[in-house]
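start.tsv (TSV, N, CA, C and O atoms)
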```
chain	number	residue	atom	x	y	z
A	709	MET	N	-1.64	-23.97	-17.76
A	709	MET	CA	-3.03	-23.67	-17.48
A	709	MET	C	-3.52	-22.69	-18.54
A	709	MET	O	-2.89	-21.68	-18.80
A	710	SER	N	-4.65	-22.98	-19.15
A	710	SER	CA	-5.18	-22.11	-20.19
A	710	SER	C	-5.77	-20.84	-19.57
A	710	SER	O	-6.06	-20.80	-18.37
A	711	ASP	N	-5.93	-19.81	-20.40
A	711	ASP	CA	-6.48	-18.54	-19.91
A	711	ASP	C	-7.88	-18.71	-19.35
A	711	ASP	O	-8.29	-17.99	-18.45
A	712	GLU	N	-8.65	-19.66	-19.90
A	712	GLU	CA	-10.00	-19.89	-19.42
A	712	GLU	C	-10.02	-20.43	-18.00
A	712	GLU	O	-10.94	-20.15	-17.24
A	713	ASN	N	-9.01	-21.20	-17.61
A	713	ASN	CA	-8.98	-21.86	-16.31
A	713	ASN	C	-8.17	-21.12	-15.27
A	713	ASN	O	-8.04	-21.60	-14.15
A	714	LYS	N	-7.61	-19.96	-15.60
A	714	LYS	CA	-6.80	-19.22	-14.64
A	714	LYS	C	-7.66	-18.62	-13.55
A	714	LYS	O	-8.72	-18.08	-13.80
A	715	ILE	N	-7.19	-18.73	-12.32
A	715	ILE	CA	-7.89	-18.12	-11.20
A	715	ILE	C	-7.47	-16.65	-11.16
A	715	ILE	O	-6.30	-16.33	-11.00
A	716	THR	N	-8.44	-15.75	-11.29
A	716	THR	CA	-8.11	-14.33	-11.37
A	716	THR	C	-8.89	-13.48	-10.38
A	716	THR	O	-8.73	-12.27	-10.36
A	717	TRP	N	-9.73	-14.10	-9.54
A	717	TRP	CA	-10.51	-13.30	-8.61
A	717	TRP	C	-9.57	-12.58	-7.66
A	717	TRP	O	-8.54	-13.08	-7.26
A	718	GLY	N	-9.96	-11.35	-7.30
A	718	GLY	CA	-9.18	-10.57	-6.35
A	718	GLY	C	-7.99	-9.85	-6.95
A	718	GLY	O	-7.22	-9.24	-6.23
A	719	GLN	N	-7.82	-9.91	-8.26
A	719	GLN	CA	-6.70	-9.21	-8.87
A	719	GLN	C	-7.06	-8.73	-10.26
A	719	GLN	O	-7.89	-9.31	-10.93
A	720	TYR	N	-6.45	-7.63	-10.64
A	720	TYR	CA	-6.66	-7.10	-11.98
A	720	TYR	C	-5.73	-7.81	-12.95
A	720	TYR	O	-4.60	-8.15	-12.61
A	721	GLN	N	-6.21	-8.06	-14.14
A	721	GLN	CA	-5.36	-8.58	-15.20
A	721	GLN	C	-4.64	-7.40	-15.85
A	721	GLN	O	-5.05	-6.25	-15.72
A	722	HIS	N	-3.58	-7.69	-16.57
A	722	HIS	CA	-2.78	-6.65	-17.20
A	722	HIS	C	-3.66	-5.74	-18.06
A	722	HIS	O	-4.38	-6.21	-18.93
A	723	GLY	N	-3.65	-4.45	-17.78
A	723	GLY	CA	-4.39	-3.47	-18.56
A	723	GLY	C	-5.85	-3.29	-18.13
A	723	GLY	O	-6.50	-2.36	-18.57
A	724	GLU	N	-6.36	-4.17	-17.29
A	724	GLU	CA	-7.77	-4.10	-16.90
A	724	GLU	C	-8.08	-2.84	-16.10
A	724	GLU	O	-9.13	-2.24	-16.27
A	725	LEU	N	-7.17	-2.42	-15.22
A	725	LEU	CA	-7.41	-1.22	-14.42
A	725	LEU	C	-7.52	0.00	-15.32
A	725	LEU	O	-8.44	0.81	-15.16
A	726	LEU	N	-6.63	0.13	-16.28
A	726	LEU	CA	-6.68	1.27	-17.19
A	726	LEU	C	-7.95	1.25	-18.03
A	726	LEU	O	-8.56	2.28	-18.27
A	727	GLU	N	-8.35	0.06	-18.46
A	727	GLU	CA	-9.58	-0.05	-19.26
A	727	GLU	C	-10.82	0.29	-18.44
A	727	GLU	O	-11.78	0.85	-18.96
A	728	SER	N	-10.83	-0.05	-17.15
A	728	SER	CA	-12.01	0.19	-16.33
A	728	SER	C	-12.03	1.59	-15.72
A	728	SER	O	-13.06	2.02	-15.20
A	729	TRP	N	-10.91	2.31	-15.77
A	729	TRP	CA	-10.84	3.66	-15.20
A	729	TRP	C	-11.64	4.61	-16.07
A	729	TRP	O	-11.48	4.62	-17.29
A	730	PRO	N	-12.50	5.44	-15.49
A	730	PRO	CA	-13.33	6.35	-16.30
A	730	PRO	C	-12.49	7.42	-17.00
A	730	PRO	O	-11.40	7.75	-16.57
A	731	ARG	N	-13.06	7.93	-18.05
A	731	ARG	CA	-12.40	8.98	-18.85
A	731	ARG	C	-13.31	10.21	-18.94
A	731	ARG	O	-14.51	10.11	-18.82
A	732	THR	N	-12.66	11.35	-19.17
A	732	THR	CA	-13.40	12.59	-19.36
A	732	THR	C	-13.98	12.61	-20.76
A	732	THR	O	-13.70	11.73	-21.58
A	733	GLU	N	-14.75	13.64	-21.07
A	733	GLU	CA	-15.32	13.78	-22.41
A	733	GLU	C	-14.25	13.91	-23.48
A	733	GLU	O	-14.45	13.52	-24.62
A	734	SER	N	-13.09	14.44	-23.10
A	734	SER	CA	-12.00	14.60	-24.06
A	734	SER	C	-11.16	13.33	-24.21
A	734	SER	O	-10.22	13.30	-24.99
A	735	GLY	N	-11.47	12.28	-23.44
A	735	GLY	CA	-10.77	11.02	-23.56
A	735	GLY	C	-9.62	10.84	-22.58
A	735	GLY	O	-8.98	9.79	-22.56
A	736	GLU	N	-9.34	11.84	-21.76
A	736	GLU	CA	-8.28	11.73	-20.74
A	736	GLU	C	-8.79	10.91	-19.56
A	736	GLU	O	-9.98	10.94	-19.23
A	737	THR	N	-7.89	10.20	-18.90
A	737	THR	CA	-8.31	9.46	-17.72
A	737	THR	C	-8.60	10.43	-16.58
A	737	THR	O	-7.93	11.45	-16.43
A	738	VAL	N	-9.61	10.11	-15.80
A	738	VAL	CA	-9.98	10.93	-14.65
A	738	VAL	C	-8.87	10.80	-13.60
A	738	VAL	O	-8.31	9.72	-13.41
A	739	SER	N	-8.57	11.88	-12.93
A	739	SER	CA	-7.51	11.88	-11.92
A	739	SER	C	-7.90	11.01	-10.74
A	739	SER	O	-9.06	11.00	-10.32
A	740	PRO	N	-6.92	10.30	-10.16
A	740	PRO	CA	-7.21	9.52	-8.95
A	740	PRO	C	-7.32	10.44	-7.74
A	740	PRO	O	-6.64	11.46	-7.67
A	741	ALA	N	-8.16	10.06	-6.81
A	741	ALA	CA	-8.35	10.82	-5.57
A	741	ALA	C	-8.16	9.88	-4.39
A	741	ALA	O	-8.61	8.73	-4.42
A	742	TYR	N	-7.51	10.38	-3.35
A	742	TYR	CA	-7.26	9.58	-2.15
A	742	TYR	C	-8.58	9.24	-1.47
A	742	TYR	O	-9.40	10.11	-1.22
A	743	LEU	N	-8.78	7.97	-1.17
A	743	LEU	CA	-9.99	7.54	-0.47
A	743	LEU	C	-9.69	7.22	1.00
A	743	LEU	O	-10.34	7.76	1.89
A	744	CYS	N	-8.71	6.36	1.25
A	744	CYS	CA	-8.44	5.95	2.62
A	744	CYS	C	-7.12	5.19	2.69
A	744	CYS	O	-6.54	4.85	1.68
A	745	THR	N	-6.70	4.92	3.91
A	745	THR	CA	-5.55	4.04	4.17
A	745	THR	C	-6.07	2.85	4.96
A	745	THR	O	-6.82	3.02	5.92
A	746	ARG	N	-5.70	1.67	4.55
A	746	ARG	CA	-6.15	0.45	5.21
A	746	ARG	C	-4.94	-0.40	5.61
A	746	ARG	O	-3.92	-0.41	4.95
A	747	SER	N	-5.12	-1.14	6.68
A	747	SER	CA	-4.09	-2.06	7.17
A	747	SER	C	-4.08	-3.33	6.32
A	747	SER	O	-5.13	-3.77	5.85
A	748	CYS	N	-2.92	-3.90	6.18
A	748	CYS	CA	-2.80	-5.18	5.48
A	748	CYS	C	-2.82	-6.34	6.47
A	748	CYS	O	-3.04	-7.48	6.08
A	749	ASN	N	-2.56	-6.05	7.75
A	749	ASN	CA	-2.45	-7.11	8.75
A	749	ASN	C	-3.75	-7.89	8.94
A	749	ASN	O	-3.72	-9.07	9.20
A	750	ASP	N	-4.89	-7.21	8.83
A	750	ASP	CA	-6.17	-7.88	9.06
A	750	ASP	C	-6.98	-8.03	7.76
A	750	ASP	O	-8.17	-8.29	7.81
A	751	LEU	N	-6.33	-7.85	6.63
A	751	LEU	CA	-6.95	-7.97	5.31
A	751	LEU	C	-8.01	-6.91	5.03
A	751	LEU	O	-8.78	-7.04	4.09
A	752	SER	N	-8.07	-5.86	5.84
A	752	SER	CA	-9.06	-4.81	5.57
A	752	SER	C	-8.78	-4.12	4.25
A	752	SER	O	-9.70	-3.60	3.61
A	753	ASP	N	-7.52	-4.11	3.80
A	753	ASP	CA	-7.22	-3.54	2.49
A	753	ASP	C	-7.88	-4.34	1.38
A	753	ASP	O	-8.52	-3.78	0.49
A	754	GLN	N	-7.77	-5.66	1.44
A	754	GLN	CA	-8.36	-6.51	0.41
A	754	GLN	C	-9.88	-6.50	0.46
A	754	GLN	O	-10.54	-6.52	-0.59
A	755	LEU	N	-10.45	-6.44	1.65
A	755	LEU	CA	-11.90	-6.36	1.77
A	755	LEU	C	-12.43	-5.08	1.15
A	755	LEU	O	-13.44	-5.08	0.43
A	756	THR	N	-11.74	-3.97	1.42
A	756	THR	CA	-12.16	-2.68	0.87
A	756	THR	C	-12.04	-2.67	-0.65
A	756	THR	O	-12.96	-2.26	-1.36
A	757	VAL	N	-10.91	-3.12	-1.16
A	757	VAL	CA	-10.68	-3.14	-2.61
A	757	VAL	C	-11.71	-4.02	-3.31
A	757	VAL	O	-12.30	-3.62	-4.31
A	758	ASN	N	-11.95	-5.21	-2.78
A	758	ASN	CA	-12.91	-6.11	-3.42
A	758	ASN	C	-14.33	-5.59	-3.34
A	758	ASN	O	-15.12	-5.79	-4.27
A	759	MET	N	-14.70	-4.90	-2.26
A	759	MET	CA	-16.03	-4.30	-2.17
A	759	MET	C	-16.18	-3.20	-3.23
A	759	MET	O	-17.19	-3.13	-3.92
A	760	LEU	N	-15.17	-2.35	-3.34
A	760	LEU	CA	-15.23	-1.27	-4.34
A	760	LEU	C	-15.37	-1.85	-5.74
A	760	LEU	O	-16.20	-1.40	-6.54
A	761	ARG	N	-14.57	-2.85	-6.05
A	761	ARG	CA	-14.63	-3.47	-7.38
A	761	ARG	C	-15.98	-4.13	-7.62
A	761	ARG	O	-16.51	-4.09	-8.73
A	762	ALA	N	-16.58	-4.72	-6.58
A	762	ALA	CA	-17.89	-5.35	-6.73
A	762	ALA	C	-18.96	-4.34	-7.10
A	762	ALA	O	-19.92	-4.67	-7.79
A	763	TYR	N	-18.79	-3.10	-6.65
A	763	TYR	CA	-19.72	-2.03	-6.99
A	763	TYR	C	-19.30	-1.26	-8.23
A	763	TYR	O	-19.85	-0.20	-8.52
A	764	GLY	N	-18.31	-1.77	-8.94
A	764	GLY	CA	-17.90	-1.15	-10.20
A	764	GLY	C	-17.02	0.06	-10.05
A	764	GLY	O	-16.91	0.87	-10.97
A	765	ILE	N	-16.38	0.21	-8.90
A	765	ILE	CA	-15.49	1.35	-8.68
A	765	ILE	C	-14.05	0.84	-8.76
A	765	ILE	O	-13.60	0.10	-7.89
A	766	PRO	N	-13.33	1.23	-9.82
A	766	PRO	CA	-11.94	0.80	-9.92
A	766	PRO	C	-11.10	1.50	-8.86
A	766	PRO	O	-11.42	2.62	-8.44
A	767	CYS	N	-10.07	0.85	-8.40
A	767	CYS	CA	-9.22	1.46	-7.38
A	767	CYS	C	-7.76	1.11	-7.61
A	767	CYS	O	-7.43	0.08	-8.17
A	768	LEU	N	-6.93	2.00	-7.15
A	768	LEU	CA	-5.49	1.88	-7.27
A	768	LEU	C	-4.92	1.84	-5.86
A	768	LEU	O	-5.28	2.67	-5.02
A	769	CYS	N	-4.07	0.86	-5.57
A	769	CYS	CA	-3.48	0.71	-4.24
A	769	CYS	C	-1.99	1.02	-4.29
A	769	CYS	O	-1.30	0.56	-5.20
A	770	MET	N	-1.54	1.77	-3.31
A	770	MET	CA	-0.12	2.08	-3.21
A	770	MET	C	0.34	1.80	-1.79
A	770	MET	O	-0.27	2.28	-0.84
A	771	GLU	N	1.41	1.00	-1.67
A	771	GLU	CA	1.97	0.73	-0.34
A	771	GLU	C	2.59	2.00	0.22
A	771	GLU	O	3.18	2.78	-0.53
A	772	ARG	N	2.45	2.19	1.49
A	772	ARG	CA	3.03	3.35	2.16
A	772	ARG	C	4.48	3.07	2.52
A	772	ARG	O	4.86	1.94	2.79
A	773	ALA	N	5.28	4.11	2.55
A	773	ALA	CA	6.68	4.05	2.98
A	773	ALA	C	7.41	2.90	2.30
A	773	ALA	O	7.45	2.83	1.10
A	774	GLU	N	7.99	2.01	3.09
A	774	GLU	CA	8.74	0.87	2.56
A	774	GLU	C	7.87	-0.38	2.48
A	774	GLU	O	8.38	-1.50	2.53
A	775	GLY	N	6.58	-0.20	2.33
A	775	GLY	CA	5.65	-1.32	2.35
A	775	GLY	C	5.81	-2.29	1.21
A	775	GLY	O	5.53	-3.48	1.35
A	776	SER	N	6.30	-1.82	0.06
A	776	SER	CA	6.47	-2.74	-1.06
A	776	SER	C	7.52	-3.79	-0.75
A	776	SER	O	7.40	-4.94	-1.16
A	777	LEU	N	8.55	-3.44	0.00
A	777	LEU	CA	9.55	-4.42	0.42
A	777	LEU	C	8.93	-5.44	1.37
A	777	LEU	O	9.18	-6.65	1.24
A	778	GLY	N	8.11	-4.98	2.29
A	778	GLY	CA	7.43	-5.89	3.20
A	778	GLY	C	6.52	-6.86	2.46
A	778	GLY	O	6.42	-8.03	2.82
A	779	ARG	N	5.87	-6.39	1.41
A	779	ARG	CA	4.99	-7.26	0.63
A	779	ARG	C	5.81	-8.36	-0.04
A	779	ARG	O	5.39	-9.51	-0.12
A	780	VAL	N	7.00	-8.02	-0.52
A	780	VAL	CA	7.86	-9.01	-1.16
A	780	VAL	C	8.37	-10.02	-0.13
A	780	VAL	O	8.33	-11.23	-0.34
A	781	VAL	N	8.85	-9.53	1.02
A	781	VAL	CA	9.47	-10.40	2.01
A	781	VAL	C	8.43	-11.16	2.84
A	781	VAL	O	8.54	-12.37	3.04
A	782	LEU	N	7.42	-10.46	3.35
A	782	LEU	CA	6.45	-11.05	4.27
A	782	LEU	C	5.10	-11.41	3.64
A	782	LEU	O	4.30	-12.10	4.23
A	783	GLY	N	4.83	-10.84	2.48
A	783	GLY	CA	3.54	-11.06	1.84
A	783	GLY	C	2.52	-9.98	2.17
A	783	GLY	O	1.45	-9.94	1.59
A	784	ILE	N	2.84	-9.11	3.14
A	784	ILE	CA	1.96	-7.99	3.49
A	784	ILE	C	2.81	-6.76	3.74
A	784	ILE	O	3.98	-6.85	4.07
A	785	SER	N	2.20	-5.61	3.60
A	785	SER	CA	2.86	-4.36	3.92
A	785	SER	C	2.54	-4.00	5.36
A	785	SER	O	1.37	-3.86	5.72
A	786	GLY	N	3.55	-3.85	6.18
A	786	GLY	CA	3.33	-3.48	7.58
A	786	GLY	C	2.89	-2.04	7.76
A	786	GLY	O	2.43	-1.66	8.82
A	787	TYR	N	3.03	-1.23	6.72
A	787	TYR	CA	2.69	0.19	6.80
A	787	TYR	C	1.28	0.48	6.29
A	787	TYR	O	0.80	1.59	6.38
A	788	GLY	N	0.63	-0.49	5.71
A	788	GLY	CA	-0.71	-0.28	5.17
A	788	GLY	C	-0.69	0.11	3.72
A	788	GLY	O	0.37	0.26	3.10
A	789	VAL	N	-1.86	0.30	3.17
A	789	VAL	CA	-2.04	0.61	1.76
A	789	VAL	C	-2.92	1.85	1.63
A	789	VAL	O	-3.95	1.95	2.31
A	790	GLU	N	-2.52	2.77	0.77
A	790	GLU	CA	-3.37	3.92	0.44
A	790	GLU	C	-4.20	3.54	-0.78
A	790	GLU	O	-3.67	3.01	-1.76
A	791	ILE	N	-5.49	3.79	-0.70
A	791	ILE	CA	-6.41	3.42	-1.78
A	791	ILE	C	-6.91	4.68	-2.47
A	791	ILE	O	-7.36	5.62	-1.81
A	792	PHE	N	-6.79	4.69	-3.79
A	792	PHE	CA	-7.23	5.80	-4.61
A	792	PHE	C	-8.32	5.32	-5.56
A	792	PHE	O	-8.28	4.19	-6.04
A	793	VAL	N	-9.30	6.19	-5.82
A	793	VAL	CA	-10.38	5.91	-6.76
A	793	VAL	C	-10.49	7.10	-7.71
A	793	VAL	O	-9.96	8.17	-7.44
A	794	PRO	N	-11.20	6.95	-8.83
A	794	PRO	CA	-11.40	8.09	-9.72
A	794	PRO	C	-12.13	9.21	-8.97
A	794	PRO	O	-13.07	8.94	-8.21
A	795	GLU	N	-11.68	10.46	-9.16
A	795	GLU	CA	-12.29	11.56	-8.42
A	795	GLU	C	-13.77	11.71	-8.69
A	795	GLU	O	-14.52	12.17	-7.85
A	796	THR	N	-14.23	11.25	-9.85
A	796	THR	CA	-15.66	11.33	-10.17
A	796	THR	C	-16.48	10.31	-9.38
A	796	THR	O	-17.69	10.44	-9.28
A	797	LEU	N	-15.83	9.29	-8.83
A	797	LEU	CA	-16.53	8.26	-8.06
A	797	LEU	C	-16.19	8.32	-6.57
A	797	LEU	O	-16.57	7.43	-5.80
A	798	LEU	N	-15.48	9.36	-6.15
A	798	LEU	CA	-15.05	9.48	-4.76
A	798	LEU	C	-16.24	9.52	-3.80
A	798	LEU	O	-16.23	8.87	-2.76
A	799	GLY	N	-17.27	10.27	-4.12
A	799	GLY	CA	-18.45	10.35	-3.26
A	799	GLY	C	-19.12	9.00	-3.08
A	799	GLY	O	-19.51	8.62	-1.97
A	800	ASP	N	-19.26	8.25	-4.17
A	800	ASP	CA	-19.86	6.91	-4.09
A	800	ASP	C	-19.00	5.99	-3.24
A	800	ASP	O	-19.52	5.22	-2.43
A	801	ALA	N	-17.69	6.05	-3.43
A	801	ALA	CA	-16.78	5.19	-2.67
A	801	ALA	C	-16.83	5.52	-1.18
A	801	ALA	O	-16.87	4.62	-0.34
A	802	ARG	N	-16.87	6.80	-0.86
A	802	ARG	CA	-16.96	7.20	0.56
A	802	ARG	C	-18.27	6.72	1.18
A	802	ARG	O	-18.30	6.28	2.32
A	803	ALA	N	-19.36	6.82	0.41
A	803	ALA	CA	-20.66	6.37	0.92
A	803	ALA	C	-20.65	4.87	1.20
A	803	ALA	O	-21.25	4.42	2.18
A	804	LEU	N	-19.96	4.09	0.38
A	804	LEU	CA	-19.87	2.66	0.61
A	804	LEU	C	-19.09	2.32	1.88
A	804	LEU	O	-19.36	1.31	2.53
A	805	LEU	N	-18.13	3.16	2.23
A	805	LEU	CA	-17.29	2.89	3.40
A	805	LEU	C	-17.91	3.39	4.70
A	805	LEU	O	-17.45	3.02	5.78
A	806	GLU	N	-18.95	4.21	4.62
A	806	GLU	CA	-19.59	4.72	5.83
A	806	GLU	C	-20.38	3.60	6.50
A	806	GLU	O	-21.04	2.82	5.83
A	807	PRO	N	-20.33	3.54	7.83
A	807	PRO	CA	-21.14	2.53	8.52
A	807	PRO	C	-22.62	2.82	8.32
A	807	PRO	O	-23.03	3.98	8.22
A	808	ASP	N	-23.41	1.79	8.26
A	808	ASP	CA	-24.85	1.93	8.08
A	808	ASP	C	-25.44	2.59	9.31
A	808	ASP	O	-25.26	2.12	10.43
A	809	ALA	N	-26.21	3.66	9.12
A	809	ALA	CA	-26.77	4.42	10.23
A	809	ALA	C	-27.77	3.57	11.03
A	809	ALA	O	-27.96	3.78	12.22
A	810	SER	N	-28.39	2.59	10.39
A	810	SER	CA	-29.37	1.76	11.10
A	810	SER	C	-28.72	0.78	12.06
A	810	SER	O	-29.39	0.22	12.91
A	811	GLU	N	-27.41	0.55	11.94
A	811	GLU	CA	-26.72	-0.38	12.82
A	811	GLU	C	-26.39	0.24	14.18
A	811	GLU	O	-26.05	-0.48	15.10
A	812	THR	N	-26.44	1.55	14.29
A	812	THR	CA	-26.06	2.20	15.55
A	812	THR	C	-27.24	2.40	16.46
A	812	THR	O	-28.36	2.27	16.15
```
Represent the structure of the file as structure tokens.
Amino acid sequence: MSDENKITWGQYQHGELLESWPRTESGETVSPAYLCTRSCNDLSDQLTVNMLRAYGIPCLCMERAEGSLGRVVLGISGYGVEIFVPETLLGDARALLEPDASET
């Protein structure tokens, strides 16, 4: 399959996360900041990650505890995923995750 025809939605390509991560004025990458923990059982982790990426907020996911083994064996982490975003975009990311006040 050629690179043009590869299905890549929902995943970063090699080096894309580093390229999209913001940098300081001195050229250093901005530190990641903890945003939230999401369950993998109901796909809330993937929904959150894809929403953040749709709004231009890069994110880094880390499986909790022994979750990486669960992802290999079962396809999901039973412990959930911790999501990190650049600290400069943390406020924007939190605002996106807040429920809409008009819905209550």
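Here the question is which of A:Glu724, A:Asp800, A:Glu736, A:Glu806 gets nearest to Leu768 (chain A) using only C-alpha atoms, and that residue is A:Glu724.
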(request) Rank nothing, just name the residue among A:Leu751, A:Val789, A:Val757, A:Leu725 nearest to Glu771 (chain A), using all atoms listed in the file. (result) A:Val789
(message) My list of candidates is A:Pro730, A:Gly788, A:Gly723, A:Gly735. Which is closest to Gly764 (chain A) when distances are computed with all atoms listed in the file?
(response) A:Pro730
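Counting all atoms listed in the file, Pro766 (chain A) has the following residues at most 5 Å away, ignoring those fewer than 5 positions along the same chain: A:Phe792, A:Val793, A:Pro794.
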(message) When you count all atoms listed in the file, which of these residues is closest to Cys767 (chain A): A:Glu790, A:Pro807, A:Arg802, A:Ser747?
(response)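 Closest to Cys767 (chain A) of all the choices is A:Glu790.
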(message) If I take CA of Ser728 (chain A) and CA of Tyr763 (chain A), how far is one from the other in Å, to one decimal?
(response)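 Between these atoms lies a distance of 12.3 Å.
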(request) Compare A:Leu755, A:Leu760, A:Cys769, A:Arg746 by their minimum atom-to-atom distance to Leu797 (chain A), counting only C-alpha atoms, and give me the closest one. (result)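 Once distances to Leu797 (chain A) are computed over only C-alpha atoms, the minimum belongs to A:Leu760.
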From (-10.9, 14.1, -14.2), in the file's coordinates, out to 7 Å: which residues are reached, counting only C-alpha atoms? Answer as a short mmCIF file (atom, residue, chain, number, x, y, z; two decimals) with N, CA, C and O atoms, in the frame of the given file.
```cif
data_model
loop_
_atom_site.label_atom_id
_atom_site.label_comp_id
_atom_site.auth_asym_id
_atom_site.auth_seq_id
_atom_site.Cartn_x
_atom_site.Cartn_y
_atom_site.Cartn_z
N THR A 732 -12.66 11.35 -19.17
CA THR A 732 -13.40 12.59 -19.36
C THR A 732 -13.98 12.61 -20.76
O THR A 732 -13.70 11.73 -21.58
N THR A 737 -7.89 10.20 -18.90
CA THR A 737 -8.31 9.46 -17.72
C THR A 737 -8.60 10.43 -16.58
O THR A 737 -7.93 11.45 -16.43
N VAL A 738 -9.61 10.11 -15.80
CA VAL A 738 -9.98 10.93 -14.65
C VAL A 738 -8.87 10.80 -13.60
O VAL A 738 -8.31 9.72 -13.41
N SER A 739 -8.57 11.88 -12.93
CA SER A 739 -7.51 11.88 -11.92
C SER A 739 -7.90 11.01 -10.74
O SER A 739 -9.06 11.00 -10.32
N GLU A 795 -11.68 10.46 -9.16
CA GLU A 795 -12.29 11.56 -8.42
C GLU A 795 -13.77 11.71 -8.69
O GLU A 795 -14.52 12.17 -7.85
N THR A 796 -14.23 11.25 -9.85
CA THR A 796 -15.66 11.33 -10.17
C THR A 796 -16.48 10.31 -9.38
O THR A 796 -17.69 10.44 -9.28
#
```
(request) Step one, run DSSP on the backbone; step two, keep only residues of region 728-763 of chain A assigned to helix (DSSP H, G or I); then write them as number ranges by chain. (result) A: 728, 752-762
